[in-house]
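Source file: start.json. Holds: JSON, C-alpha atoms and all ligand atoms.
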[["chain", "number", "residue", "atom", "x", "y", "z"],
["A", 1, "MET", "CA", 112.42, 94.73, 164.57],
["A", 2, "THR", "CA", 114.73, 96.41, 162.06],
["A", 3, "LYS", "CA", 116.21, 93.57, 160.12],
["A", 4, "MET", "CA", 119.87, 94.37, 160.10],
["A", 5, "LYS", "CA", 121.84, 91.88, 158.12],
["A", 6, "ILE", "CA", 124.80, 90.52, 159.99],
["A", 7, "SER", "CA", 127.60, 90.11, 157.46],
["A", 8, "SER", "CA", 128.49, 86.57, 156.51],
["A", 9, "LYS", "CA", 132.10, 87.61, 157.13],
["A", 10, "LEU", "CA", 131.33, 88.08, 160.82],
["A", 11, "LEU", "CA", 129.29, 84.88, 161.04],
["A", 12, "ASN", "CA", 132.03, 82.94, 159.29],
["A", 13, "LEU", "CA", 134.57, 84.31, 161.71],
["A", 14, "VAL", "CA", 132.66, 82.34, 164.33],
["A", 15, "LYS", "CA", 131.79, 79.31, 162.20],
["A", 16, "GLN", "CA", 135.26, 78.75, 160.74],
["A", 17, "ASN", "CA", 137.32, 79.08, 163.91],
["A", 18, "ARG", "CA", 137.80, 77.18, 167.13],
["A", 19, "SER", "CA", 139.35, 79.38, 169.82],
["A", 20, "PHE", "CA", 138.13, 82.83, 170.86],
["A", 21, "LEU", "CA", 139.32, 85.61, 173.10],
["A", 22, "ILE", "CA", 136.57, 88.11, 173.96],
["A", 23, "VAL", "CA", 137.54, 91.46, 175.42],
["A", 24, "GLY", "CA", 135.55, 94.55, 176.45],
["A", 25, "HIS", "CA", 136.71, 97.99, 177.59],
["A", 26, "ILE", "CA", 138.55, 99.24, 180.66],
["A", 27, "ASN", "CA", 136.39, 99.98, 183.73],
["A", 28, "PRO", "CA", 133.80, 97.51, 182.46],
["A", 29, "GLU", "CA", 130.10, 98.15, 183.14],
["A", 30, "GLY", "CA", 127.01, 96.07, 182.52],
["A", 31, "ASP", "CA", 126.97, 96.43, 178.75],
["A", 32, "SER", "CA", 130.61, 95.54, 178.25],
["A", 33, "LEU", "CA", 130.66, 92.56, 180.62],
["A", 34, "GLY", "CA", 127.13, 91.33, 179.90],
["A", 35, "SER", "CA", 127.83, 91.42, 176.16],
["A", 36, "CYS", "CA", 131.20, 89.64, 176.44],
["A", 37, "LEU", "CA", 129.79, 86.95, 178.74],
["A", 38, "ALA", "CA", 126.70, 86.36, 176.59],
["A", 39, "LEU", "CA", 128.86, 86.03, 173.48],
["A", 40, "ALA", "CA", 131.14, 83.57, 175.27],
["A", 41, "LEU", "CA", 128.19, 81.48, 176.48],
["A", 42, "GLY", "CA", 126.72, 81.51, 172.98],
["A", 43, "LEU", "CA", 129.97, 80.38, 171.37],
["A", 44, "LYS", "CA", 130.21, 77.56, 173.91],
["A", 45, "LYS", "CA", 126.67, 76.53, 173.06],
["A", 46, "LEU", "CA", 127.82, 76.27, 169.44],
["A", 47, "GLY", "CA", 130.38, 73.74, 170.58],
["A", 48, "LYS", "CA", 133.41, 76.03, 170.77],
["A", 49, "LYS", "CA", 135.33, 74.72, 173.74],
["A", 50, "ASP", "CA", 138.11, 77.27, 173.85],
["A", 51, "VAL", "CA", 136.51, 80.61, 174.75],
["A", 52, "CYS", "CA", 138.01, 83.15, 177.15],
["A", 53, "VAL", "CA", 136.55, 86.47, 178.37],
["A", 54, "LEU", "CA", 139.23, 88.99, 179.20],
["A", 55, "SER", "CA", 138.96, 92.29, 181.11],
["A", 56, "ARG", "CA", 141.86, 94.46, 182.16],
["A", 57, "ASP", "CA", 139.96, 95.64, 185.23],
["A", 58, "PRO", "CA", 138.22, 93.30, 187.64],
["A", 59, "VAL", "CA", 134.49, 92.61, 187.55],
["A", 60, "PRO", "CA", 132.89, 95.36, 189.69],
["A", 61, "GLU", "CA", 131.23, 94.12, 192.87],
["A", 62, "VAL", "CA", 127.78, 95.06, 191.60],
["A", 63, "LEU", "CA", 128.17, 92.89, 188.48],
["A", 64, "LYS", "CA", 129.36, 89.72, 190.17],
["A", 65, "PHE", "CA", 125.82, 88.31, 189.88],
["A", 66, "LEU", "CA", 126.16, 88.05, 186.10],
["A", 67, "PRO", "CA", 126.07, 84.40, 185.02],
["A", 68, "SER", "CA", 129.63, 83.09, 184.52],
["A", 69, "ALA", "CA", 131.19, 86.38, 185.74],
["A", 70, "LYS", "CA", 133.65, 84.16, 187.63],
["A", 71, "THR", "CA", 135.21, 82.99, 184.36],
["A", 72, "VAL", "CA", 136.50, 86.49, 183.47],
["A", 73, "LYS", "CA", 140.31, 86.58, 183.28],
["A", 74, "GLN", "CA", 142.40, 89.68, 183.83],
["A", 75, "LYS", "CA", 145.53, 88.30, 182.15],
["A", 76, "PRO", "CA", 145.41, 86.78, 178.69],
["A", 77, "PRO", "CA", 146.26, 83.05, 178.66],
["A", 78, "ARG", "CA", 149.71, 82.30, 177.21],
["A", 79, "LYS", "CA", 148.54, 80.82, 173.97],
["A", 80, "GLU", "CA", 147.40, 81.93, 170.58],
["A", 81, "PHE", "CA", 143.69, 82.27, 169.81],
["A", 82, "ASP", "CA", 142.17, 82.00, 166.34],
["A", 83, "VAL", "CA", 140.06, 85.12, 166.88],
["A", 84, "VAL", "CA", 139.86, 88.05, 169.27],
["A", 85, "PHE", "CA", 136.47, 89.78, 169.52],
["A", 86, "ILE", "CA", 136.61, 93.39, 170.72],
["A", 87, "VAL", "CA", 133.21, 94.24, 172.20],
["A", 88, "ASP", "CA", 131.58, 97.54, 173.29],
["A", 89, "CYS", "CA", 134.62, 99.49, 172.08],
["A", 90, "ASN", "CA", 136.49, 99.67, 168.81],
["A", 91, "THR", "CA", 140.15, 100.31, 169.50],
["A", 92, "VAL", "CA", 142.79, 98.13, 171.14],
["A", 93, "GLU", "CA", 143.62, 101.14, 173.32],
["A", 94, "ARG", "CA", 140.13, 101.15, 174.93],
["A", 95, "THR", "CA", 140.59, 97.52, 175.97],
["A", 96, "GLY", "CA", 143.56, 98.54, 178.12],
["A", 97, "PHE", "CA", 145.80, 95.90, 176.53],
["A", 98, "GLU", "CA", 148.66, 96.48, 174.10],
["A", 99, "GLY", "CA", 147.52, 93.86, 171.65],
["A", 100, "PHE", "CA", 146.32, 90.28, 171.44],
["A", 101, "ASN", "CA", 147.81, 86.99, 170.50],
["A", 102, "ALA", "CA", 145.15, 86.11, 167.94],
["A", 103, "GLY", "CA", 145.18, 85.43, 164.22],
["A", 104, "LYS", "CA", 142.05, 87.42, 163.40],
["A", 105, "THR", "CA", 140.15, 90.36, 164.88],
["A", 106, "GLY", "CA", 136.40, 90.98, 165.02],
["A", 107, "ILE", "CA", 134.74, 94.12, 166.38],
["A", 108, "ILE", "CA", 131.19, 94.32, 167.74],
["A", 109, "ASP", "CA", 130.40, 97.81, 168.99],
["A", 110, "HIS", "CA", 127.91, 100.67, 169.09],
["A", 111, "HIS", "CA", 130.30, 103.60, 169.59],
["A", 112, "VAL", "CA", 131.27, 106.11, 166.94],
["A", 113, "LEU", "CA", 134.72, 105.42, 165.48],
["A", 114, "PRO", "CA", 137.49, 107.79, 166.60],
["A", 115, "ALA", "CA", 137.76, 110.91, 164.44],
["A", 116, "ASN", "CA", 139.15, 110.48, 160.92],
["A", 117, "THR", "CA", 139.70, 106.76, 161.32],
["A", 118, "ALA", "CA", 138.71, 104.39, 158.62],
["A", 119, "GLU", "CA", 137.51, 101.14, 160.13],
["A", 120, "SER", "CA", 140.21, 99.29, 158.21],
["A", 121, "GLU", "CA", 142.96, 101.33, 159.85],
["A", 122, "LEU", "CA", 142.01, 100.47, 163.39],
["A", 123, "HIS", "CA", 143.42, 96.99, 163.47],
["A", 124, "LYS", "CA", 145.38, 95.29, 160.81],
["A", 125, "PRO", "CA", 143.81, 93.11, 159.85],
["A", 126, "VAL", "CA", 140.21, 93.50, 161.01],
["A", 127, "SER", "CA", 138.59, 90.38, 159.67],
["A", 128, "ALA", "CA", 135.02, 91.51, 160.27],
["A", 129, "SER", "CA", 133.19, 94.14, 162.20],
["A", 130, "LEU", "CA", 129.70, 95.11, 163.24],
["A", 131, "ILE", "CA", 129.71, 98.75, 164.31],
["A", 132, "ASP", "CA", 126.27, 100.31, 164.70],
["A", 133, "PRO", "CA", 126.11, 103.59, 166.67],
["A", 134, "GLY", "CA", 122.32, 103.35, 166.37],
["A", 135, "ALA", "CA", 122.19, 100.28, 168.61],
["A", 136, "ALA", "CA", 121.14, 101.05, 172.20],
["A", 137, "ALA", "CA", 123.75, 98.68, 173.63],
["A", 138, "ALA", "CA", 126.47, 96.34, 172.46],
["A", 139, "GLY", "CA", 124.13, 93.73, 173.95],
["A", 140, "VAL", "CA", 121.63, 94.43, 171.15],
["A", 141, "LEU", "CA", 124.31, 93.57, 168.58],
["A", 142, "ILE", "CA", 125.39, 90.42, 170.44],
["A", 143, "TYR", "CA", 121.72, 89.37, 170.57],
["A", 144, "LYS", "CA", 121.50, 89.81, 166.79],
["A", 145, "VAL", "CA", 124.74, 87.94, 166.15],
["A", 146, "LEU", "CA", 123.69, 85.01, 168.37],
["A", 147, "THR", "CA", 120.26, 84.94, 166.73],
["A", 148, "ALA", "CA", 121.84, 84.97, 163.26],
["A", 149, "LEU", "CA", 124.04, 82.07, 164.39],
["A", 150, "LYS", "CA", 120.84, 80.27, 165.51],
["A", 151, "VAL", "CA", 122.05, 79.98, 169.09],
["A", 152, "PRO", "CA", 119.10, 79.28, 171.41],
["A", 153, "ILE", "CA", 119.22, 82.05, 174.05],
["A", 154, "ASP", "CA", 119.19, 80.44, 177.51],
["A", 155, "ARG", "CA", 118.58, 82.07, 180.89],
["A", 156, "SER", "CA", 122.28, 82.83, 181.51],
["A", 157, "MET", "CA", 122.74, 84.56, 178.16],
["A", 158, "ALA", "CA", 119.41, 86.36, 178.60],
["A", 159, "THR", "CA", 120.39, 87.65, 182.05],
["A", 160, "ASN", "CA", 123.70, 88.99, 180.72],
["A", 161, "LEU", "CA", 122.08, 90.63, 177.70],
["A", 162, "TYR", "CA", 119.14, 92.09, 179.62],
["A", 163, "THR", "CA", 121.64, 93.63, 182.06],
["A", 164, "ALA", "CA", 123.59, 95.08, 179.11],
["A", 165, "LEU", "CA", 120.42, 96.66, 177.75],
["A", 166, "LEU", "CA", 119.19, 97.89, 181.11],
["A", 167, "VAL", "CA", 122.50, 99.59, 181.93],
["A", 168, "ASP", "CA", 123.04, 101.31, 178.57],
["A", 169, "THR", "CA", 119.45, 102.59, 178.42],
["A", 170, "GLY", "CA", 119.57, 103.86, 182.02],
["A", 171, "GLY", "CA", 116.80, 101.46, 183.01],
["A", 172, "PHE", "CA", 114.90, 101.99, 179.71],
["A", 173, "ARG", "CA", 114.75, 105.75, 180.23],
["A", 174, "TYR", "CA", 117.26, 107.21, 177.73],
["A", 175, "SER", "CA", 116.65, 108.48, 174.20],
["A", 176, "ASN", "CA", 118.15, 105.28, 172.77],
["A", 177, "VAL", "CA", 115.13, 103.23, 173.89],
["A", 178, "SER", "CA", 113.31, 102.09, 170.77],
["A", 179, "PRO", "CA", 110.70, 99.52, 169.75],
["A", 180, "GLU", "CA", 113.67, 97.34, 168.87],
["A", 181, "SER", "CA", 115.39, 97.52, 172.26],
["A", 182, "LEU", "CA", 112.09, 96.84, 174.03],
["A", 183, "GLU", "CA", 111.30, 93.96, 171.71],
["A", 184, "ILE", "CA", 114.70, 92.39, 172.36],
["A", 185, "ALA", "CA", 114.20, 92.94, 176.10],
["A", 186, "SER", "CA", 110.87, 91.15, 175.82],
["A", 187, "HIS", "CA", 112.54, 88.18, 174.08],
["A", 188, "LEU", "CA", 115.18, 88.10, 176.81],
["A", 189, "VAL", "CA", 112.53, 88.01, 179.54],
["A", 190, "GLU", "CA", 110.83, 85.17, 177.68],
["A", 191, "ALA", "CA", 114.18, 83.40, 177.60],
["A", 192, "GLY", "CA", 114.44, 83.61, 181.39],
["A", 193, "ALA", "CA", 115.90, 87.00, 182.39],
["A", 194, "LYS", "CA", 114.21, 88.25, 185.57],
["A", 195, "PRO", "CA", 113.75, 92.05, 185.36],
["A", 196, "TRP", "CA", 112.95, 92.54, 189.03],
["A", 197, "SER", "CA", 115.86, 90.54, 190.36],
["A", 198, "ILE", "CA", 118.32, 92.12, 187.91],
["A", 199, "ALA", "CA", 117.07, 95.62, 188.83],
["A", 200, "LYS", "CA", 117.44, 94.79, 192.50],
["A", 201, "GLU", "CA", 121.05, 93.62, 191.97],
["A", 202, "LEU", "CA", 121.91, 96.76, 190.01],
["A", 203, "TYR", "CA", 120.01, 99.51, 191.78],
["A", 204, "GLU", "CA", 119.20, 98.40, 195.32],
["A", 205, "ASN", "CA", 122.54, 97.09, 196.32],
["A", 206, "VAL", "CA", 124.56, 100.25, 197.03],
["A", 207, "PRO", "CA", 127.29, 99.98, 199.67],
["A", 208, "TYR", "CA", 126.79, 102.44, 202.53],
["A", 209, "ASP", "CA", 130.19, 104.08, 201.86],
["A", 210, "SER", "CA", 129.23, 104.82, 198.24],
["A", 211, "LEU", "CA", 126.17, 106.74, 199.40],
["A", 212, "ALA", "CA", 128.33, 108.62, 201.92],
["A", 213, "LEU", "CA", 130.61, 109.57, 199.00],
["A", 214, "LEU", "CA", 127.57, 110.69, 197.01],
["A", 215, "GLY", "CA", 126.51, 112.88, 199.93],
["A", 216, "LEU", "CA", 129.88, 114.66, 200.04],
["A", 217, "SER", "CA", 129.97, 115.02, 196.26],
["A", 218, "LEU", "CA", 126.42, 116.37, 196.01],
["A", 219, "SER", "CA", 127.31, 119.16, 198.41],
["A", 220, "THR", "CA", 129.36, 120.65, 195.52],
["A", 221, "LEU", "CA", 126.40, 120.65, 193.10],
["A", 222, "LYS", "CA", 126.07, 123.85, 191.03],
["A", 223, "LYS", "CA", 123.65, 125.03, 188.35],
["A", 224, "LYS", "CA", 124.30, 127.84, 185.86],
["A", 225, "ASP", "CA", 123.82, 128.71, 182.17],
["A", 226, "GLY", "CA", 121.87, 125.55, 181.38],
["A", 227, "MET", "CA", 124.41, 123.24, 183.02],
["A", 228, "ALA", "CA", 124.50, 121.35, 186.30],
["A", 229, "TRP", "CA", 127.73, 119.88, 187.62],
["A", 230, "PHE", "CA", 129.40, 118.45, 190.68],
["A", 231, "THR", "CA", 132.73, 117.00, 191.74],
["A", 232, "THR", "CA", 134.18, 114.04, 193.60],
["A", 233, "THR", "CA", 137.67, 114.80, 194.92],
["A", 234, "LYS", "CA", 140.52, 112.60, 196.13],
["A", 235, "SER", "CA", 139.91, 113.71, 199.70],
["A", 236, "MET", "CA", 136.27, 112.58, 199.48],
["A", 237, "PHE", "CA", 137.45, 109.11, 198.40],
["A", 238, "ASN", "CA", 139.90, 109.06, 201.31],
["A", 239, "LYS", "CA", 137.32, 110.21, 203.84],
["A", 240, "THR", "CA", 134.83, 107.51, 202.87],
["A", 241, "GLY", "CA", 137.26, 104.71, 201.97],
["A", 242, "THR", "CA", 135.86, 104.45, 198.45],
["A", 243, "THR", "CA", 137.26, 104.23, 194.91],
["A", 244, "ALA", "CA", 136.33, 105.39, 191.41],
["A", 245, "GLU", "CA", 134.11, 102.33, 191.10],
["A", 246, "ASP", "CA", 131.79, 103.86, 193.69],
["A", 247, "CYS", "CA", 130.87, 106.81, 191.47],
["A", 248, "GLU", "CA", 129.96, 104.86, 188.35],
["A", 249, "ASP", "CA", 126.47, 106.41, 188.15],
["A", 250, "PHE", "CA", 127.09, 109.77, 189.82],
["A", 251, "VAL", "CA", 126.61, 111.75, 186.60],
["A", 252, "ASP", "CA", 122.96, 110.69, 186.73],
["A", 253, "TYR", "CA", 122.43, 113.09, 189.64],
["A", 254, "PRO", "CA", 123.27, 116.43, 187.97],
["A", 255, "ARG", "CA", 121.37, 115.23, 184.91],
["A", 256, "ARG", "CA", 118.20, 115.06, 187.02],
["A", 257, "VAL", "CA", 118.30, 118.82, 187.59],
["A", 258, "GLN", "CA", 115.39, 120.80, 186.16],
["A", 259, "ASP", "CA", 115.84, 123.31, 183.29],
["A", 260, "ILE", "CA", 119.29, 122.28, 182.10],
["A", 261, "GLU", "CA", 120.62, 121.07, 178.75],
["A", 262, "ALA", "CA", 123.71, 119.24, 179.97],
["A", 263, "ALA", "CA", 125.18, 117.67, 183.10],
["A", 264, "VAL", "CA", 128.87, 117.31, 183.96],
["A", 265, "PHE", "CA", 130.56, 115.16, 186.55],
["A", 266, "PHE", "CA", 134.20, 115.80, 187.54],
["A", 267, "ARG", "CA", 136.06, 112.91, 189.17],
["A", 268, "GLN", "CA", 139.54, 113.55, 190.49],
["A", 269, "ASP", "CA", 141.82, 110.62, 189.63],
["A", 270, "SER", "CA", 145.11, 112.15, 190.79],
["A", 271, "GLU", "CA", 146.34, 115.56, 191.92],
["A", 272, "LYS", "CA", 146.04, 117.02, 188.42],
["A", 273, "THR", "CA", 143.97, 114.55, 186.40],
["A", 274, "PHE", "CA", 140.22, 114.55, 186.14],
["A", 275, "LYS", "CA", 137.81, 112.16, 184.49],
["A", 276, "ILE", "CA", 134.86, 114.06, 183.03],
["A", 277, "SER", "CA", 131.45, 112.53, 182.32],
["A", 278, "LEU", "CA", 129.09, 114.51, 180.11],
["A", 279, "ARG", "CA", 125.36, 113.95, 179.65],
["A", 280, "SER", "CA", 122.92, 115.73, 177.39],
["A", 281, "LYS", "CA", 119.21, 116.04, 177.91],
["A", 282, "GLY", "CA", 118.83, 115.54, 174.17],
["A", 283, "ARG", "CA", 119.77, 118.72, 172.31],
["A", 284, "VAL", "CA", 123.50, 119.24, 172.95],
["A", 285, "ASN", "CA", 125.88, 116.77, 171.30],
["A", 286, "VAL", "CA", 128.25, 115.98, 174.17],
["A", 287, "GLN", "CA", 130.23, 113.52, 172.08],
["A", 288, "LYS", "CA", 131.58, 116.50, 170.08],
["A", 289, "ILE", "CA", 132.59, 118.25, 173.31],
["A", 290, "ALA", "CA", 134.31, 115.12, 174.62],
["A", 291, "LYS", "CA", 136.09, 114.69, 171.29],
["A", 292, "SER", "CA", 137.56, 118.19, 171.57],
["A", 293, "PHE", "CA", 139.29, 116.90, 174.74],
["A", 294, "ASN", "CA", 140.38, 113.63, 173.04],
["A", 295, "GLY", "CA", 137.52, 111.68, 174.59],
["A", 296, "GLY", "CA", 134.60, 109.86, 173.04],
["A", 297, "GLY", "CA", 131.19, 108.34, 173.51],
["A", 298, "HIS", "CA", 127.71, 109.00, 172.19],
["A", 299, "ALA", "CA", 125.72, 112.16, 171.40],
["A", 300, "ALA", "CA", 123.90, 111.95, 174.75],
["A", 301, "ALA", "CA", 126.62, 110.37, 176.91],
["A", 302, "ALA", "CA", 130.35, 110.92, 176.57],
["A", 303, "GLY", "CA", 133.53, 111.26, 178.57],
["A", 304, "CYS", "CA", 137.13, 112.47, 178.51],
["A", 305, "LYS", "CA", 140.17, 113.05, 180.69],
["A", 306, "VAL", "CA", 141.52, 116.55, 181.30],
["A", 307, "ASN", "CA", 144.70, 117.57, 183.13],
["A", 308, "GLY", "CA", 145.05, 120.59, 185.39],
["A", 309, "THR", "CA", 143.86, 121.90, 188.74],
["A", 310, "LEU", "CA", 140.17, 121.48, 189.51],
["A", 311, "LYS", "CA", 139.56, 125.13, 188.70],
["A", 312, "GLU", "CA", 141.44, 125.00, 185.39],
["A", 313, "VAL", "CA", 139.66, 121.81, 184.34],
["A", 314, "GLN", "CA", 136.22, 123.10, 185.32],
["A", 315, "ASP", "CA", 136.80, 126.41, 183.52],
["A", 316, "LYS", "CA", 137.88, 124.66, 180.32],
["A", 317, "VAL", "CA", 135.15, 122.03, 180.24],
["A", 318, "LEU", "CA", 132.27, 124.24, 181.38],
["A", 319, "ARG", "CA", 133.30, 126.89, 178.84],
["A", 320, "ALA", "CA", 133.02, 124.28, 176.06],
["A", 321, "VAL", "CA", 129.64, 123.06, 177.31],
["A", 322, "ARG", "CA", 128.32, 126.62, 177.71],
["A", 323, "LYS", "CA", 129.39, 127.39, 174.14],
["A", 324, "ALA", "CA", 127.58, 124.32, 172.80],
["A", 325, "ILE", "CA", 124.42, 125.31, 174.68],
["A", 326, "LYS", "CA", 124.58, 128.90, 173.37],
["A", 327, "GLU", "CA", 124.84, 127.57, 169.81],
["A", 328, "LEU", "CA", 121.53, 125.70, 170.08],
["B", 401, "MN", "MN", 127.79, 100.01, 175.63]]
If you took the structure in this file and wrote it as structure tokens, what would it be?
Amino acid sequence: MTKMKISSKLLNLVKQNRSFLIVGHINPEGDSLGSCLALALGLKKLGKKDVCVLSRDPVPEVLKFLPSAKTVKQKPPRKEFDVVFIVDCNTVERTGFEGFNAGKTGIIDHHVLPANTAESELHKPVSASLIDPGAAAAGVLIYKVLTALKVPIDRSMATNLYTALLVDTGGFRYSNVSPESLEIASHLVEAGAKPWSIAKELYENVPYDSLALLGLSLSTLKKKDGMAWFTTTKSMFNKTGTTAEDCEDFVDYPRRVQDIEAAVFFRQDSEKTFKISLRSKGRVNVQKIAKSFNGGGHAAAAGCKVNGTLKEVQDKVLRAVRKAIKEL
């Protein structure tokens, strides 16, 4: 495993403090929640009694099996914490909160920093951070931090971290899978994570209505100029009684299409707002495209929000993707 040194600053932030708020990003998925929960369990194992996991949005139905998911709070307790840890994102904005009542801030993330931002400018003061865009999941970084703190990984932590890894590697299929991520996964299975039962919870547990929504959405699937895309509209949500949570993995469908470089998923959030998910098959950097629309993410997986009618939004976004493909 690549021996990445965890800074003593970050380790001391844990060792020298007593109360911790741990917060992930809005619309939390398996990496965000699994990482936050594993960190919280690890800190408790170190004897820290005052640890709170915070999420602006509720725990999605499909992730309620995560050990200690019930402890997640949606409103920060009215008290001051020694430290807030921001996990799987690196700006206060991405957490969905305005700020935190905490003396010190730590960041543990694997996303690229927003354009032209020095790490030190993000939060004043950031006491310590571990930002590694090369890590497959925030869960990898939490695993390393807990290991550096000599926390014995138990089954609950292992289940949370394995889920984090599984989700952010698309079930160990994406280009971010490395000897390191597989080695960590192996340690987590040794520590008690059950791959089959976690996979069943995540992938064989789809509500009927979500699949009905997928059916309607897939009927809009198009392929042209190296791109495949499809759309979920407000009226499809209404027809099937579903919400945005039901299309969490929809972008995986256009990305399965043969002979394309990039996949795009358009989700209508309101009359004239669309959430765009972009996926690359490896050659196009979709993070750059998302950034041009004030979004973010990784080279192979990114997202942004664009305002306009469906036609305007599709024209704009597909034009940018087409351009990136032509430049290859
Ligand atoms: Mn992540």
Near-segment 196-208 of chain A list (8 Å; all atoms listed in the file; drop same-chain fewer than 5 positions) as a PyMOL selection string: chain A and resi 62-63+65+159+163
My list of candidates is A:Lys316, A:Lys222, A:Lys70, A:His111. Which is closest to ligand MN 401 (chain B) when distances are computed with only C-alpha atoms and all ligand atoms? A:His111
Could you list, as a PDB file with C-alpha atoms, in the coordinates of the input, every residue within 12 Å of Val151 of chain A, counting only C-alpha atoms and ignoring same-chain residues fewer than 3 positions away?
ATOM      1  CA  LEU A  11     129.290  84.880 161.040  1.00  0.00           C
ATOM      2  CA  VAL A  14     132.660  82.340 164.330  1.00  0.00           C
ATOM      3  CA  LYS A  15     131.790  79.310 162.200  1.00  0.00           C
ATOM      4  CA  ALA A  38     126.700  86.360 176.590  1.00  0.00           C
ATOM      5  CA  LEU A  39     128.860  86.030 173.480  1.00  0.00           C
ATOM      6  CA  ALA A  40     131.140  83.570 175.270  1.00  0.00           C
ATOM      7  CA  LEU A  41     128.190  81.480 176.480  1.00  0.00           C
ATOM      8  CA  GLY A  42     126.720  81.510 172.980  1.00  0.00           C
ATOM      9  CA  LEU A  43     129.970  80.380 171.370  1.00  0.00           C
ATOM     10  CA  LYS A  44     130.210  77.560 173.910  1.00  0.00           C
ATOM     11  CA  LYS A  45     126.670  76.530 173.060  1.00  0.00           C
ATOM     12  CA  LEU A  46     127.820  76.270 169.440  1.00  0.00           C
ATOM     13  CA  GLY A  47     130.380  73.740 170.580  1.00  0.00           C
ATOM     14  CA  ILE A 142     125.390  90.420 170.440  1.00  0.00           C
ATOM     15  CA  TYR A 143     121.720  89.370 170.570  1.00  0.00           C
ATOM     16  CA  LYS A 144     121.500  89.810 166.790  1.00  0.00           C
ATOM     17  CA  VAL A 145     124.740  87.940 166.150  1.00  0.00           C
ATOM     18  CA  LEU A 146     123.690  85.010 168.370  1.00  0.00           C
ATOM     19  CA  THR A 147     120.260  84.940 166.730  1.00  0.00           C
ATOM     20  CA  ALA A 148     121.840  84.970 163.260  1.00  0.00           C
ATOM     21  CA  ASP A 154     119.190  80.440 177.510  1.00  0.00           C
ATOM     22  CA  MET A 157     122.740  84.560 178.160  1.00  0.00           C
ATOM     23  CA  ALA A 158     119.410  86.360 178.600  1.00  0.00           C
TER      24      ALA A 158
END
Restrict the calculation to all atoms listed in the file, then for each residue of segment 184-302 of chain A with any atom at most 10 Å from an atom of segment 19-36 of chain A give the closest atom pair and their distance in Å to one decimal, rows by chain and rising residue number, as JSON lines.
{"residue": "A:Leu202", "atom": "CA", "partner": "A:Gly30", "partner_atom": "CA", "distance": 9.1}
{"residue": "A:Ala244", "atom": "CA", "partner": "A:Asn27", "partner_atom": "CA", "distance": 9.4}
{"residue": "A:Glu245", "atom": "CA", "partner": "A:Asn27", "partner_atom": "CA", "distance": 8.1}
{"residue": "A:Glu248", "atom": "CA", "partner": "A:Glu29", "partner_atom": "CA", "distance": 8.5}
Which residues of chain A come within 8 Å of ligand MN 401 (chain B), and what is each one's closest atom pair and distance in Å (one decimal), counting all atoms listed in the file, sorted by chain and residue number, as a tab-separated table?
residue	atom	partner	partner_atom	distance
A:Gly30	CA	B:MN401	MN	8.0
A:Asp31	CA	B:MN401	MN	4.8
A:Ser32	CA	B:MN401	MN	5.9
A:Asp88	CA	B:MN401	MN	5.1
A:Cys89	CA	B:MN401	MN	7.7
A:Asp109	CA	B:MN401	MN	7.5
A:His110	CA	B:MN401	MN	6.6
A:His111	CA	B:MN401	MN	7.5
A:Ala136	CA	B:MN401	MN	7.6
A:Ala137	CA	B:MN401	MN	4.7
A:Ala138	CA	B:MN401	MN	5.0
A:Gly139	CA	B:MN401	MN	7.5
A:Ala164	CA	B:MN401	MN	7.4
A:Asp168	CA	B:MN401	MN	5.7
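Going from atom CA of Ser277 of chain A over to atom CA of Ser181 of chain A, you cover 24.2 Å.
Relative to atom CA of Arg279 of chain A, atom CA of Ala302 of chain A is found at 6.6 Å.
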For Asp249 of chain A, find every residue with an atom within 10 Å (counting all atoms listed in the file), except residues of its own chain fewer than 5 positions away, and show them as a list in words. Gly170, Leu214, Phe265 and Ser277 of chain A
